[in-house]
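run_34.cif (mmCIF, C-alpha atoms (C1' of nucleotides))
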data_protein
#
loop_
_atom_site.label_atom_id
_atom_site.label_comp_id
_atom_site.auth_asym_id
_atom_site.auth_seq_id
_atom_site.Cartn_x
_atom_site.Cartn_y
_atom_site.Cartn_z
CA MET W 1 -284.17 54.37 -7.32
CA ASN W 2 -281.49 56.86 -8.25
CA GLU W 3 -279.12 54.38 -9.81
CA HIS W 4 -277.23 55.86 -12.75
CA LEU W 5 -277.27 53.93 -15.98
CA SER W 6 -273.90 52.27 -16.56
CA ARG W 7 -271.68 52.13 -19.61
CA ALA W 8 -272.81 48.54 -20.19
CA PHE W 9 -276.33 49.85 -20.77
CA PHE W 10 -275.12 51.97 -23.71
CA ALA W 11 -272.73 49.37 -25.11
CA ARG W 12 -275.55 47.39 -26.73
CA PRO W 13 -277.38 47.45 -30.08
CA THR W 14 -278.65 50.99 -30.63
CA LEU W 15 -282.27 50.02 -31.19
CA ASP W 16 -282.29 48.20 -27.84
CA VAL W 17 -280.76 51.20 -26.08
CA ALA W 18 -283.31 53.55 -27.64
CA ARG W 19 -286.23 51.33 -26.68
CA ASP W 20 -284.96 50.83 -23.14
CA LEU W 21 -284.29 54.53 -22.53
CA LEU W 22 -288.03 55.23 -22.68
CA GLY W 23 -289.20 56.04 -19.17
CA LYS W 24 -285.70 56.62 -17.79
CA ARG W 25 -285.00 59.88 -16.01
CA LEU W 26 -282.69 62.34 -17.73
CA THR W 27 -281.17 64.49 -15.01
CA ARG W 28 -279.13 67.70 -15.17
CA ARG W 29 -277.37 69.43 -12.32
CA LEU W 30 -277.34 73.18 -12.82
CA SER W 31 -276.00 75.44 -10.07
CA GLY W 32 -276.77 72.74 -7.53
CA GLU W 33 -280.37 72.33 -8.65
CA ARG W 34 -281.78 69.15 -10.17
CA LEU W 35 -283.57 69.53 -13.50
CA SER W 36 -285.07 66.33 -14.84
CA GLY W 37 -287.68 64.65 -16.98
CA TYR W 38 -288.72 61.22 -18.21
CA ILE W 39 -287.53 60.31 -21.68
CA ILE W 40 -290.65 59.71 -23.74
CA GLU W 41 -289.36 60.02 -27.31
CA ILE W 42 -286.05 58.96 -28.88
CA GLU W 43 -284.53 58.08 -32.24
CA ALA W 44 -281.70 55.75 -33.31
CA TYR W 45 -278.93 56.61 -35.76
CA VAL W 46 -276.80 53.59 -36.61
CA GLY W 47 -273.56 53.37 -38.56
CA GLU W 48 -272.13 55.17 -41.58
CA ASP W 49 -274.61 53.43 -43.89
CA ASP W 50 -277.51 55.22 -42.19
CA GLN W 51 -278.37 57.90 -44.75
CA SER W 52 -279.64 60.33 -42.13
CA SER W 53 -276.83 59.89 -39.64
CA HIS W 54 -274.22 62.56 -39.02
CA ALA W 55 -271.71 59.73 -39.42
CA ARG W 56 -272.71 59.29 -43.05
CA PRO W 57 -269.66 61.21 -44.42
CA GLY W 58 -267.27 59.32 -42.14
CA LEU W 59 -265.27 60.68 -39.22
CA THR W 60 -265.16 64.47 -38.95
CA ALA W 61 -264.37 66.92 -36.17
CA ARG W 62 -268.05 67.44 -35.44
CA ASN W 63 -269.24 63.83 -35.34
CA ALA W 64 -266.14 62.48 -33.58
CA PRO W 65 -268.02 61.72 -30.34
CA MET W 66 -270.18 59.23 -32.26
CA TYR W 67 -267.05 57.19 -32.88
CA GLY W 68 -266.00 57.35 -29.25
CA PRO W 69 -266.90 55.11 -26.32
CA PRO W 70 -270.55 54.48 -25.39
CA GLY W 71 -272.16 56.43 -22.59
CA PHE W 72 -270.87 59.81 -23.76
CA THR W 73 -272.93 62.73 -25.02
CA TYR W 74 -272.93 64.00 -28.58
CA VAL W 75 -274.33 67.54 -28.60
CA TYR W 76 -274.45 69.58 -31.77
CA LEU W 77 -275.81 72.92 -32.95
CA ILE W 78 -278.51 72.85 -35.59
CA TYR W 79 -279.87 75.67 -37.75
CA GLY W 80 -277.65 78.11 -35.97
CA MET W 81 -279.85 78.39 -32.90
CA TYR W 82 -280.80 75.05 -31.43
CA HIS W 83 -278.96 72.18 -29.82
CA CYS W 84 -279.68 68.47 -30.04
CA LEU W 85 -278.72 65.90 -27.40
CA ASN W 86 -277.54 62.39 -28.29
CA PHE W 87 -276.05 59.50 -26.32
CA VAL W 88 -273.36 57.41 -27.96
CA THR W 89 -274.07 53.67 -28.18
CA GLU W 90 -272.42 50.38 -29.19
CA ARG W 91 -268.69 49.79 -29.23
CA GLU W 92 -265.99 52.41 -29.51
CA GLY W 93 -265.07 52.96 -33.16
CA TYR W 94 -268.57 52.22 -34.48
CA PRO W 95 -270.58 55.43 -35.00
CA ALA W 96 -274.03 55.12 -33.46
CA ALA W 97 -276.16 57.22 -31.14
CA VAL W 98 -279.67 57.94 -29.95
CA LEU W 99 -281.26 61.40 -30.24
CA VAL W 100 -283.45 62.44 -27.32
CA ARG W 101 -286.50 64.14 -28.81
CA ALA W 102 -288.86 64.83 -25.91
CA LEU W 103 -289.19 64.68 -22.12
CA GLU W 104 -292.00 64.68 -19.62
CA PRO W 105 -290.70 67.40 -17.27
CA LEU W 106 -290.31 66.29 -13.66
CA GLU W 107 -288.01 68.33 -11.42
CA GLY W 108 -286.97 71.98 -11.48
CA LEU W 109 -290.00 73.04 -13.48
CA THR W 110 -289.71 76.70 -12.51
CA THR W 111 -286.11 76.85 -13.72
CA GLN W 112 -286.93 74.93 -16.89
CA GLN W 113 -289.75 77.33 -17.69
CA HIS W 114 -287.41 80.26 -17.05
CA LEU W 115 -284.79 78.80 -19.39
CA ARG W 116 -287.35 78.27 -22.12
CA GLY W 117 -288.98 81.67 -21.69
CA PRO W 118 -292.19 82.49 -19.82
CA GLN W 119 -294.23 83.00 -22.96
CA HIS W 120 -294.15 79.33 -23.91
CA PRO W 121 -296.88 76.94 -22.76
CA PRO W 122 -295.81 74.33 -20.19
CA ARG W 123 -296.64 71.56 -22.62
CA ASP W 124 -293.86 72.82 -24.88
CA LEU W 125 -291.21 72.81 -22.13
CA ALA W 126 -289.33 69.83 -23.55
CA ARG W 127 -291.44 68.73 -26.53
CA GLY W 128 -288.87 68.61 -29.32
CA PRO W 129 -285.08 68.12 -29.35
CA GLY W 130 -284.26 71.84 -29.50
CA ARG W 131 -286.72 72.71 -26.79
CA LEU W 132 -285.56 70.09 -24.31
CA CYS W 133 -282.00 71.35 -24.65
CA GLN W 134 -283.21 74.85 -23.80
CA ALA W 135 -285.17 73.59 -20.80
CA LEU W 136 -282.15 71.76 -19.36
CA ALA W 137 -279.54 74.35 -20.40
CA ILE W 138 -277.73 71.91 -22.68
CA ASP W 139 -275.25 73.43 -25.11
CA LEU W 140 -271.90 72.59 -26.71
CA THR W 141 -270.13 72.75 -23.36
CA LEU W 142 -271.87 69.44 -22.60
CA ASN W 143 -270.61 67.77 -25.78
CA ALA W 144 -268.50 64.61 -25.46
CA ARG W 145 -269.15 64.31 -21.72
CA ASP W 146 -269.26 61.00 -19.87
CA VAL W 147 -272.78 60.51 -18.51
CA CYS W 148 -271.63 57.46 -16.53
CA ALA W 149 -269.16 59.45 -14.43
CA ASP W 150 -270.02 60.12 -10.80
CA ASP W 151 -269.48 63.87 -11.15
CA ALA W 152 -271.24 64.24 -14.51
CA PRO W 153 -273.36 67.39 -14.98
CA LEU W 154 -275.81 65.25 -16.97
CA TRP W 155 -276.75 61.63 -16.40
CA ILE W 156 -279.61 59.12 -16.62
CA GLU W 157 -281.28 57.47 -13.64
CA ASP W 158 -282.81 54.03 -13.90
CA ALA W 159 -286.56 53.56 -13.66
CA PRO W 160 -288.99 50.68 -14.07
CA PRO W 161 -289.19 49.36 -17.64
CA ILE W 162 -292.01 50.50 -19.88
CA ALA W 163 -294.52 47.84 -20.92
CA GLU W 164 -294.40 46.88 -24.59
CA SER W 165 -298.04 47.89 -25.01
CA ARG W 166 -297.16 51.51 -24.26
CA VAL W 167 -294.36 51.74 -26.85
CA ALA W 168 -295.02 53.02 -30.36
CA ARG W 169 -292.66 53.26 -33.32
CA SER W 170 -292.57 55.46 -36.41
CA PRO W 171 -290.20 56.72 -39.06
CA ARG W 172 -287.74 59.31 -37.83
CA ILE W 173 -288.53 63.00 -38.02
CA GLY W 174 -286.92 65.19 -40.64
CA VAL W 175 -284.73 62.58 -42.29
CA ARG W 176 -283.10 62.83 -45.68
CA GLY W 177 -281.69 60.06 -47.81
CA ASP W 178 -283.15 57.13 -49.71
CA ASP W 179 -286.52 55.46 -49.20
CA ARG W 180 -285.19 53.04 -46.66
CA ALA W 181 -283.69 55.76 -44.48
CA VAL W 182 -286.88 57.78 -44.69
CA SER W 183 -289.30 54.96 -43.91
CA ILE W 184 -287.44 52.80 -41.42
CA PRO W 185 -289.17 52.97 -38.00
CA TRP W 186 -286.32 53.95 -35.72
CA ARG W 187 -288.25 56.48 -33.66
CA PHE W 188 -289.62 55.17 -30.36
CA TYR W 189 -292.12 57.01 -28.20
CA LEU W 190 -294.73 56.50 -25.51
CA ARG W 191 -298.13 56.07 -27.04
CA GLU W 192 -300.74 58.35 -25.45
CA SER W 193 -298.14 60.69 -23.98
CA PRO W 194 -299.12 64.36 -24.33
CA TRP W 195 -295.43 65.26 -24.27
CA VAL W 196 -294.55 63.63 -27.59
CA SER W 197 -293.30 65.99 -30.29
CA GLY W 198 -294.75 66.33 -33.76
CA LYS W 199 -298.32 66.24 -34.88
CA VAL W 200 -300.97 64.07 -33.25
CA SER W 201 -302.29 62.87 -36.60
CA PHE W 202 -298.83 61.71 -37.65
CA ASN W 203 -298.26 59.86 -34.41
CA ARG W 204 -301.66 58.17 -34.47
CA HIS W 205 -301.26 57.12 -38.06
CA HIS W 206 -297.89 55.52 -37.41
CA ALA W 207 -298.62 54.26 -33.92
CA LYS W 208 -297.89 50.60 -33.63
CA THR W 209 -296.51 48.46 -30.91
CA GLY W 210 -292.73 48.23 -30.83
CA GLN W 211 -290.81 45.09 -31.70
"C1'" DG D 1 -306.15 74.14 -37.87
"C1'" DC D 2 -302.33 74.30 -41.28
"C1'" DA D 3 -298.43 75.63 -44.62
"C1'" DA D 4 -294.93 78.76 -45.62
"C1'" DT D 5 -291.09 81.33 -44.17
"C1'" DG D 6 -287.51 83.57 -41.53
"C1'" DA D 7 -284.03 83.32 -38.01
"C1'" DT D 8 -279.26 82.09 -37.52
"C1'" DG D 9 -274.15 79.58 -36.89
"C1'" DC D 10 -271.30 76.34 -38.15
"C1'" DA D 11 -269.46 72.15 -40.53
"C1'" DC D 12 -268.45 70.70 -44.67
"C1'" DT D 13 -267.94 70.63 -50.22
"C1'" DG S 1 -271.38 79.15 -50.72
"C1'" DT S 2 -274.79 75.50 -49.15
"C1'" DG S 3 -277.62 73.01 -46.26
"C1'" DC S 4 -279.16 71.40 -42.22
"C1'" DA S 5 -281.80 65.11 -37.14
"C1'" DT S 6 -285.46 72.95 -35.60
"C1'" DC S 7 -288.69 76.28 -33.73
"C1'" DA S 8 -291.65 80.48 -33.70
"C1'" DT S 9 -294.33 83.53 -36.23
"C1'" DT S 10 -297.22 84.83 -39.77
"C1'" DG S 11 -301.00 84.61 -42.79
"C1'" DC S 12 -304.41 82.05 -44.64
"C1'" DG S 13 -308.99 79.67 -44.38
#
Taking this structure as input, can you express it in the form of structure tokens?
Amino acid sequence: MNEHLSRAFFARPTLDVARDLLGKRLTRRLSGERLSGYIIEIEAYVGEDDQSSHARPGLTARNAPMYGPPGFTYVYLIYGMYHCLNFVTEREGYPAAVLVRALEPLEGLTTQQHLRGPQHPPRDLARGPGRLCQALAIDLTLNARDVCADDAPLWIEDAPPIAESRVARSPRIGVRGDDRAVSIPWRFYLRESPWVSGKVSFNRHHAKTGQ
DNA sequence: GCAATGATGCACT
DNA sequence: GTGCATCATTGCG
């Protein structure tokens, strides 16, 4: 039901964590109100050898949470205006995380729409990593926070697993680096979901069953 | 529909 | 000074 995901869930291989987070409920408590949505798109960033990972240059002040214990957030500012939400995975000391890219909005829709701005269509509430952070009021104050703690402002609630037939994989969005980094299919999303970010043609072209 | 571009702050070379 | 794991707007067809 409302069981929070434990640290053991995050302390596993990053690709497994990413795959298994599909369908789980990302929940934010803001001024006593619940804002939530199902995770329907997520990417994995694994180790310093991953060309498109923030951990590529080694430990820095910004990417330090990626080297910390699993089950913590890594929130960063991108392009000066948007935030991206990650969850740290694997063992402490090994830099890996998953980037949440899109949600199917569930609770607190009025507040989420208000946070995003009334001019935006409901479909774009949380379709994209920057947008979902706006919809759930996620900024740098939520960086390096323990999502497994009882009093966390942000956590993940368990939900029934998603059938393999509904999972699609593709290369990650907006990556730089060598051919391997660009082409490796470490983006997981729910096939057929209208809440997935990016272009339909891209998703259809790359859609294939996971694992 | 789509591509091009501007907005904007901060970490890092 | 440079370059982003992005999004919204514009201008084209």
key: Protein, DNA and RNA residues within 10 Å of (-274.4, 56.9, -41.8), all atoms listed in the file, as a PyMOL selection string   = chain W and resi 45-58+95-96+177+181
message = Just to confirm, what's the straight-line distance from atom CA of Gly108 of chain W to atom CA of Arg131 of chain W in Å (one decimal)?
response =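 These atoms are spaced 15.3 Å apart.
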inquiry  = Tell me which residues come within 8 Å of (-274.6, 78.5, -32.8), as a PyMOL selection string, counting all atoms listed in the file in the file's coordinates.
reply    = (chain W and resi 77-82) or (chain D and resi 8-10)
ask   = Can you list what the PyMOL selection byres ((chain S and resi 1) around 10) grabs from this structure, as a VMD selection string?
value = (chain D and resid 13) or (chain S and resid 2 to 3)
Show me, as CSV, the residues of chain S having an atom within 9 Å of chain W, each with the closest atom pair and its distance in Å, using all atoms listed in the file.
residue,atom,partner,partner_atom,distance
S:DC4,C1',W:Tyr79,CA,6.2
S:DA5,C1',W:Gly174,CA,6.2
S:DT6,C1',W:Gly130,CA,6.3
S:DC7,C1',W:Gly130,CA,7.6
